[in-house]
Every structure is written in C-alpha cells, then in structure tokens.
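Here is the structure we will look at, set down as structure tokens.
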Amino acid sequence: MKTFAHAIRPLANDLFSSLLFAGLLASGVDAQTATLIAMGVGLAHVWLWLMLRKPIAALQWASLGLVLVFGTAGLFLHDPRFLMAKPTVIYLILAVVMLKRGWMLRYLPPIAAGRGEGLMVAYGYAWAGLMALTAAANLAIAILAPAYWPLFKAVWPIGSKLALFAMQYAHIRARTIRQMRAGMAPAA
C-alpha cells in the first residue's frame with residue numbers, strides 16, 4: 001500500500017484544483033461556489049509550492065490554468081451547453097499535454113526505477129488516448145443525449161481513470177517484482 005500511495009500522491013497533487021472542483025460538485029455545492037473555491041484553492045496551492053521552492057509539473061500548471069480559464073468563462077456565460085461541452089476541451093488539452101514523452105516518469109516509485117521506464121512511457125500515451133476518448137464521448141453525450149450527460153459525468157471520467165490507474169499500477173508492480181525476483185538489476 002505504501003508504493004500505491006507513493007504512486008498516486010503526485011498525480012493527486014498535480015490535479016488538486018480539478019479534483020477539488022469535482023468533489024465539491026459531487027457533494028452538492030452549487031457550480032458557482034465550487035468554481036470560486038477551486039479557483040482560490042488552486043491559486044493558493046501553486047503559490048504555496050512556489051514559496052516552498054518545489055517544482056511545479058506541467059500537469060499541475062495545466063490543471064490550474066483550466067480551472068481558472070474555464071471557471072471564469074463558466075461564471076460569466078451561465079449557458080448549460082457551454083458547461084456540458086467544457087469538459088471536452090479540458091480533456092483534449094490534457095490529452096495533448098499527456099502526449100509529451102515520459103511525462104509519467106515522475107510518478108514511478110523509486111523501487112521501480114530502472115525497471116519500468118518503458119512501460120511508464122507507454123502508459124503515458126495510453127492516458128493521452130483515454131483523455132481523447134473521454135473528450136469525444138463527452139461531446140457526443142452532451143449533443144446527442146443531454147439528459148444522460150450527468151450520469152455519464154458521474155461514472156465514466158472517474159471510473160475509466162481509476163480503472164486505467166489500477167491496471168497500470170498492477171502491471172508495473174508485477175513486472176518490477178518479477179524482475180527483482182529474477183535478480184535483474186535496475187538499468188543504469
């Protein structure tokens with residue numbers, strides 16, 4: 001469980017403001033209040049990391065930028081079609097950011113260093129593909145079946161990401177254990 005916590009902690013940190021926004025909405029907070037809170041906490045979170053002189057990953061900057069830009073637009077436009085289509089743009093932007101080769105290497109636990117880099121690069125592209133698929137599905141549901149959009153938003157985005165994360169975690173963990181048992185030293 002310790003390696004699982006090590007693997008998920010940086011990702012949760014990078015997506016903190018976006019996860020907070022989703023959590024507030026899921027707990028019944030109205031969209032305007034959730035947006036304002038996520039924007040404020042996102043800014044404070046990045047400011048804290050800057051003050052602590054900790055590196056801020058591209059995904060963390062992207063998450064904050066998306067919350068600020070789309071949050072501001074959502075506050076002004078009050079158009080439900082914009083709000084339903086907005087995640088499509090966010091997912092596409094994240095998919096493009098995730099196309100950067102090796103972006104997931106910072107999430108590799110120390111014990112897997114030298115053993116799982118190739119898999120992490122491949123999973124980085126799988127994450128980009130999942131984000132693009134989620135974008136297409138979101139747009140299709142928002143346009144073709146808007147009555148089902150809230151159900152889709154409640155299930156698919158988080159469920160698909162948790163499933164891919166679990167598969168990736170199990171795959172890299174099993175491979176690392178197999179290599180360690182075979183006596184393979186980490187690559188230099």
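Quick note on naming: the chains in the structure tokens go A, B, ... in the order shown, residues restart at 1 in each chain, and ligands are numbered from 1 in order of appearance.
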Name all residues at most 9 Å from segment 20-32 of chain A (count only C-alpha atoms; drop same-chain ones fewer than 6 positions away) and give them as a list in words.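 Within the cut-off, the hits are Ala38, Met39, Val41, Gly42, Val67, Gly71, Gly74, Leu75 and Ala154 of chain A.
Between atom CA of Ala166 of chain A and atom CA of Pro55 of chain A lies a distance of 26.2 Å.
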Write down as a PyMOL selection string the residues belonging to chain A that are assigned alpha helix (DSSP H) by DSSP computed on the backbone. chain A and resi 2-14+16-26+31-51+58-77+80-97+117-144+149-181
For C-alpha atoms, I'd like the residues from the last selection saved as a short mmCIF file (atom, residue, chain, number, x, y, z; two decimals), in the first residue's frame.
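Generated output (result.cif):
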```
data_model
loop_
_atom_site.label_atom_id
_atom_site.label_comp_id
_atom_site.auth_asym_id
_atom_site.auth_seq_id
_atom_site.Cartn_x
_atom_site.Cartn_y
_atom_site.Cartn_z
CA LYS A 2 2.96 2.30 0.62
CA THR A 3 4.01 2.12 -3.05
CA PHE A 4 0.40 2.76 -4.15
CA ALA A 5 0.31 5.92 -2.01
CA HIS A 6 3.67 6.96 -3.47
CA ALA A 7 2.31 6.48 -6.98
CA ILE A 8 -0.97 8.38 -6.54
CA ARG A 9 0.26 11.28 -4.36
CA PRO A 10 2.00 13.29 -7.14
CA LEU A 11 -0.91 12.80 -9.53
CA ALA A 12 -3.43 13.95 -6.91
CA ASN A 13 -1.19 16.96 -6.21
CA ASP A 14 -0.99 17.88 -9.89
CA PHE A 16 -5.64 19.07 -6.90
CA SER A 17 -7.78 22.03 -8.00
CA SER A 18 -9.63 19.96 -10.61
CA LEU A 19 -10.26 17.14 -8.12
CA LEU A 20 -11.46 19.65 -5.52
CA PHE A 21 -13.91 21.16 -8.03
CA ALA A 22 -15.31 17.73 -8.93
CA GLY A 23 -15.58 16.76 -5.27
CA LEU A 24 -17.42 19.94 -4.38
CA LEU A 25 -19.91 19.42 -7.21
CA ALA A 26 -20.42 15.78 -6.23
CA ALA A 31 -21.41 25.26 -9.56
CA GLN A 32 -20.62 28.93 -8.94
CA THR A 33 -19.43 28.38 -5.37
CA ALA A 34 -17.47 25.24 -6.35
CA THR A 35 -15.81 27.18 -9.16
CA LEU A 36 -14.79 30.07 -6.91
CA ILE A 37 -13.45 27.73 -4.20
CA ALA A 38 -11.50 25.60 -6.70
CA MET A 39 -10.00 28.71 -8.32
CA GLY A 40 -8.95 30.18 -4.96
CA VAL A 41 -7.56 26.93 -3.56
CA GLY A 42 -5.79 26.18 -6.87
CA LEU A 43 -4.06 29.56 -6.81
CA ALA A 44 -3.14 29.17 -3.12
CA HIS A 45 -1.81 25.66 -3.77
CA VAL A 46 0.53 26.79 -6.56
CA TRP A 47 1.57 29.86 -4.55
CA LEU A 48 2.46 27.59 -1.60
CA TRP A 49 4.58 25.36 -3.85
CA LEU A 50 6.33 28.40 -5.26
CA MET A 51 7.05 29.69 -1.73
CA ALA A 58 3.25 20.84 -16.41
CA LEU A 59 0.11 18.89 -15.49
CA GLN A 60 -0.27 20.97 -12.31
CA TRP A 61 0.04 24.22 -14.31
CA ALA A 62 -2.43 22.88 -16.89
CA SER A 63 -4.93 21.88 -14.18
CA LEU A 64 -4.74 25.32 -12.56
CA GLY A 65 -4.98 27.11 -15.92
CA LEU A 66 -8.02 25.08 -16.93
CA VAL A 67 -9.79 25.74 -13.66
CA LEU A 68 -9.05 29.47 -13.95
CA VAL A 69 -9.93 29.91 -17.64
CA PHE A 70 -13.00 27.69 -17.80
CA GLY A 71 -14.11 28.62 -14.32
CA THR A 72 -14.09 32.30 -15.23
CA ALA A 73 -15.89 31.60 -18.52
CA GLY A 74 -18.47 29.44 -16.75
CA LEU A 75 -19.12 32.18 -14.19
CA PHE A 76 -19.88 34.69 -16.94
CA LEU A 77 -21.70 32.59 -19.56
CA PRO A 80 -25.63 24.85 -19.74
CA ARG A 81 -24.44 23.79 -23.21
CA PHE A 82 -21.12 25.51 -22.55
CA LEU A 83 -20.87 23.79 -19.20
CA MET A 84 -21.58 20.39 -20.76
CA ALA A 85 -19.14 20.90 -23.65
CA LYS A 86 -16.43 22.50 -21.48
CA PRO A 87 -15.01 19.15 -20.27
CA THR A 88 -14.45 18.14 -23.91
CA VAL A 89 -11.98 20.99 -24.36
CA ILE A 90 -10.36 20.25 -21.00
CA TYR A 91 -9.93 16.56 -21.83
CA LEU A 92 -8.44 17.41 -25.24
CA ILE A 93 -5.98 19.88 -23.74
CA LEU A 94 -4.95 17.31 -21.13
CA ALA A 95 -4.59 14.68 -23.88
CA VAL A 96 -2.21 16.98 -25.75
CA VAL A 97 -0.21 17.71 -22.56
CA GLU A 117 10.51 3.42 -17.58
CA GLY A 118 9.46 1.94 -20.93
CA LEU A 119 6.11 0.89 -19.52
CA MET A 120 5.56 4.32 -17.97
CA VAL A 121 6.20 5.99 -21.34
CA ALA A 122 3.70 3.63 -22.99
CA TYR A 123 1.14 4.25 -20.26
CA GLY A 124 1.62 7.99 -20.73
CA TYR A 125 0.37 7.58 -24.29
CA ALA A 126 -2.46 5.32 -23.06
CA TRP A 127 -3.52 8.12 -20.70
CA ALA A 128 -3.50 10.58 -23.60
CA GLY A 129 -5.67 8.20 -25.61
CA LEU A 130 -8.10 7.74 -22.73
CA MET A 131 -8.40 11.51 -22.34
CA ALA A 132 -9.11 11.90 -26.07
CA LEU A 133 -11.71 9.12 -25.92
CA THR A 134 -13.33 10.76 -22.89
CA ALA A 135 -13.42 14.08 -24.77
CA ALA A 136 -15.18 12.51 -27.75
CA ALA A 137 -17.66 10.65 -25.54
CA ASN A 138 -18.40 13.78 -23.51
CA LEU A 139 -19.16 15.83 -26.62
CA ALA A 140 -21.29 13.07 -28.13
CA ILE A 141 -23.36 12.66 -24.96
CA ALA A 142 -23.71 16.43 -24.46
CA ILE A 143 -25.02 16.87 -28.02
CA LEU A 144 -26.89 13.61 -28.69
CA TRP A 149 -24.90 13.69 -19.51
CA PRO A 150 -24.99 13.95 -15.67
CA LEU A 151 -24.93 10.15 -15.37
CA PHE A 152 -22.06 9.95 -17.85
CA LYS A 153 -20.11 12.61 -15.93
CA ALA A 154 -20.71 10.80 -12.65
CA VAL A 155 -19.47 7.43 -13.92
CA TRP A 156 -17.18 7.42 -16.96
CA PRO A 157 -14.50 10.08 -16.31
CA ILE A 158 -13.56 8.90 -12.82
CA GLY A 159 -14.31 5.22 -13.42
CA SER A 160 -12.20 4.96 -16.55
CA LYS A 161 -9.29 6.82 -14.94
CA LEU A 162 -9.40 4.64 -11.83
CA ALA A 163 -9.51 1.51 -13.99
CA LEU A 164 -6.51 2.58 -16.07
CA PHE A 165 -4.61 3.65 -12.96
CA ALA A 166 -5.29 0.28 -11.27
CA MET A 167 -4.25 -1.63 -14.40
CA GLN A 168 -1.08 0.44 -14.78
CA TYR A 169 -0.18 0.11 -11.11
CA ALA A 170 -0.71 -3.67 -11.09
CA HIS A 171 1.19 -4.14 -14.35
CA ILE A 172 4.25 -2.12 -13.33
CA ARG A 173 4.26 -3.60 -9.82
CA ALA A 174 4.09 -7.17 -11.17
CA ARG A 175 6.83 -6.50 -13.68
CA THR A 176 9.09 -4.89 -11.07
CA ILE A 177 8.58 -7.79 -8.64
CA ARG A 178 9.24 -10.31 -11.43
CA GLN A 179 12.46 -8.53 -12.40
CA MET A 180 13.60 -8.24 -8.79
CA ARG A 181 12.98 -11.96 -8.19
#
```
What does the structure give for the distance between atom CA of Gly114 of chain A and atom CA of Lys54 of chain A, in Å to one decimal?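 For atom CA of Gly114 of chain A relative to atom CA of Lys54 of chain A, the distance reads 24.2 Å.
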